[in-house]
Amino acid sequence: MNTGIDKNYGGECVDCGSLLELYEVDFEKNRRILQCTQCGLFHFYKKDFLGKWKIVKAGRVADLWRKSK
(Lines give C-alpha, C1' and ligand atoms only; values in the text may rest on other atoms or scores of the structure.)
Protein backbone atom coordinates (compact mmCIF):
# COMPACT_ATOMS: atom_id res chain seq x y z
CA MET A 1 0.00 0.00 0.00
CA ASN A 2 1.40 3.39 -1.01
CA THR A 3 0.87 6.07 1.65
CA GLY A 4 2.25 8.85 -0.54
CA ILE A 5 5.02 9.66 1.96
CA ASP A 6 8.58 9.47 0.71
CA LYS A 7 10.71 8.30 3.62
CA ASN A 8 14.07 8.81 1.89
CA TYR A 9 16.10 11.88 2.72
CA GLY A 10 18.85 13.45 0.65
CA GLY A 11 21.43 13.19 3.43
CA GLU A 12 24.12 10.58 3.91
CA CYS A 13 25.12 8.50 6.90
CA VAL A 14 28.11 9.89 8.81
CA ASP A 15 29.44 6.34 9.23
CA CYS A 16 28.96 4.50 5.92
CA GLY A 17 27.63 7.15 3.48
CA SER A 18 24.33 5.37 2.66
CA LEU A 19 20.94 7.06 2.30
CA LEU A 20 18.94 7.99 5.38
CA GLU A 21 15.31 7.06 6.00
CA LEU A 22 12.85 9.01 8.14
CA TYR A 23 12.30 7.32 11.51
CA GLU A 24 10.45 9.89 13.64
CA VAL A 25 9.41 13.59 13.49
CA ASP A 26 8.45 15.91 16.35
CA PHE A 27 6.84 19.01 14.84
CA GLU A 28 6.33 20.77 18.19
CA LYS A 29 10.05 20.72 19.04
CA ASN A 30 11.28 20.92 15.40
CA ARG A 31 13.24 17.68 15.68
CA ARG A 32 13.56 14.58 13.56
CA ILE A 33 15.35 11.25 13.65
CA LEU A 34 16.67 9.58 10.52
CA GLN A 35 18.02 6.04 10.27
CA CYS A 36 20.68 4.74 7.88
CA THR A 37 19.31 2.18 5.44
CA GLN A 38 22.51 0.12 5.52
CA CYS A 39 24.11 0.23 8.99
CA GLY A 40 21.09 1.31 11.09
CA LEU A 41 22.80 4.33 12.70
CA PHE A 42 20.33 6.96 13.98
CA HIS A 43 20.94 10.61 13.05
CA PHE A 44 19.35 13.28 15.24
CA TYR A 45 18.49 16.60 13.60
CA LYS A 46 17.14 19.88 14.95
CA LYS A 47 16.07 23.07 13.17
CA ASP A 48 18.39 26.01 13.70
CA PHE A 49 17.48 29.68 14.01
CA LEU A 50 17.18 30.06 10.22
CA GLY A 51 14.95 27.00 9.84
CA LYS A 52 17.55 24.68 8.33
CA TRP A 53 18.05 21.11 9.56
CA LYS A 54 21.36 20.60 11.40
CA ILE A 55 22.67 17.31 12.72
CA VAL A 56 22.97 17.27 16.50
CA LYS A 57 24.38 13.77 17.04
CA ALA A 58 24.44 10.23 15.69
CA GLY A 59 24.03 7.06 17.73
CA ARG A 60 22.95 3.44 17.68
CA VAL A 61 19.90 3.77 19.99
CA ALA A 62 16.79 5.82 19.12
CA ASP A 63 16.12 6.47 22.82
CA LEU A 64 19.11 8.84 22.95
CA TRP A 65 16.82 11.53 21.62
CA ARG A 66 14.40 11.33 24.52
CA LYS A 67 17.20 11.63 27.08
CA SER A 68 18.74 14.76 25.55
CA LYS A 69 17.56 18.25 26.46
# chains A, B, ... in the order shown; residues from 1 in each chain; ligands from 1
>>> residues_around(residues="stretch 22-36 of chain A", least_positions_apart="5", cutoff="6 Å", atoms="only C-alpha atoms", output="list in words")
Lys7, Cys13, Leu41, Phe42, His43, Phe44, Tyr45, Lys46 and Lys47 of chain A
>>> write_last_selection(atoms="N, CA and C atoms", output="PDB file, in the first residue's frame")
ATOM      1  N   LYS A   7       9.936   8.368   2.398  1.00  0.00           N
ATOM      2  CA  LYS A   7      10.709   8.300   3.624  1.00  0.00           C
ATOM      3  C   LYS A   7      12.199   8.510   3.397  1.00  0.00           C
ATOM      4  N   CYS A  13      24.701   8.982   5.591  1.00  0.00           N
ATOM      5  CA  CYS A  13      25.118   8.499   6.900  1.00  0.00           C
ATOM      6  C   CYS A  13      26.534   9.000   7.190  1.00  0.00           C
ATOM      7  N   LEU A  41      22.425   3.233  11.812  1.00  0.00           N
ATOM      8  CA  LEU A  41      22.797   4.327  12.703  1.00  0.00           C
ATOM      9  C   LEU A  41      21.718   5.401  12.688  1.00  0.00           C
ATOM     10  N   PHE A  42      21.337   5.899  13.864  1.00  0.00           N
ATOM     11  CA  PHE A  42      20.334   6.956  13.979  1.00  0.00           C
ATOM     12  C   PHE A  42      21.017   8.316  13.933  1.00  0.00           C
ATOM     13  N   HIS A  43      20.432   9.249  13.183  1.00  0.00           N
ATOM     14  CA  HIS A  43      20.943  10.611  13.047  1.00  0.00           C
ATOM     15  C   HIS A  43      19.888  11.559  13.600  1.00  0.00           C
ATOM     16  N   PHE A  44      20.273  12.386  14.554  1.00  0.00           N
ATOM     17  CA  PHE A  44      19.350  13.278  15.244  1.00  0.00           C
ATOM     18  C   PHE A  44      19.537  14.695  14.726  1.00  0.00           C
ATOM     19  N   TYR A  45      18.465  15.271  14.195  1.00  0.00           N
ATOM     20  CA  TYR A  45      18.493  16.604  13.601  1.00  0.00           C
ATOM     21  C   TYR A  45      17.581  17.553  14.359  1.00  0.00           C
ATOM     22  N   LYS A  46      17.944  18.834  14.337  1.00  0.00           N
ATOM     23  CA  LYS A  46      17.136  19.881  14.946  1.00  0.00           C
ATOM     24  C   LYS A  46      17.186  21.093  14.023  1.00  0.00           C
ATOM     25  N   LYS A  47      16.086  21.854  13.976  1.00  0.00           N
ATOM     26  CA  LYS A  47      16.071  23.074  13.167  1.00  0.00           C
ATOM     27  C   LYS A  47      16.841  24.177  13.884  1.00  0.00           C
TER      28      LYS A  47
END
>>> atom_distance(atom1="atom CA of A:Glu12", atom2="atom CA of A:Val61")
18.0 Å
>>> atom_distance(atom1="atom CA of A:Trp53", atom2="atom CA of A:Gly11")
10.6 Å
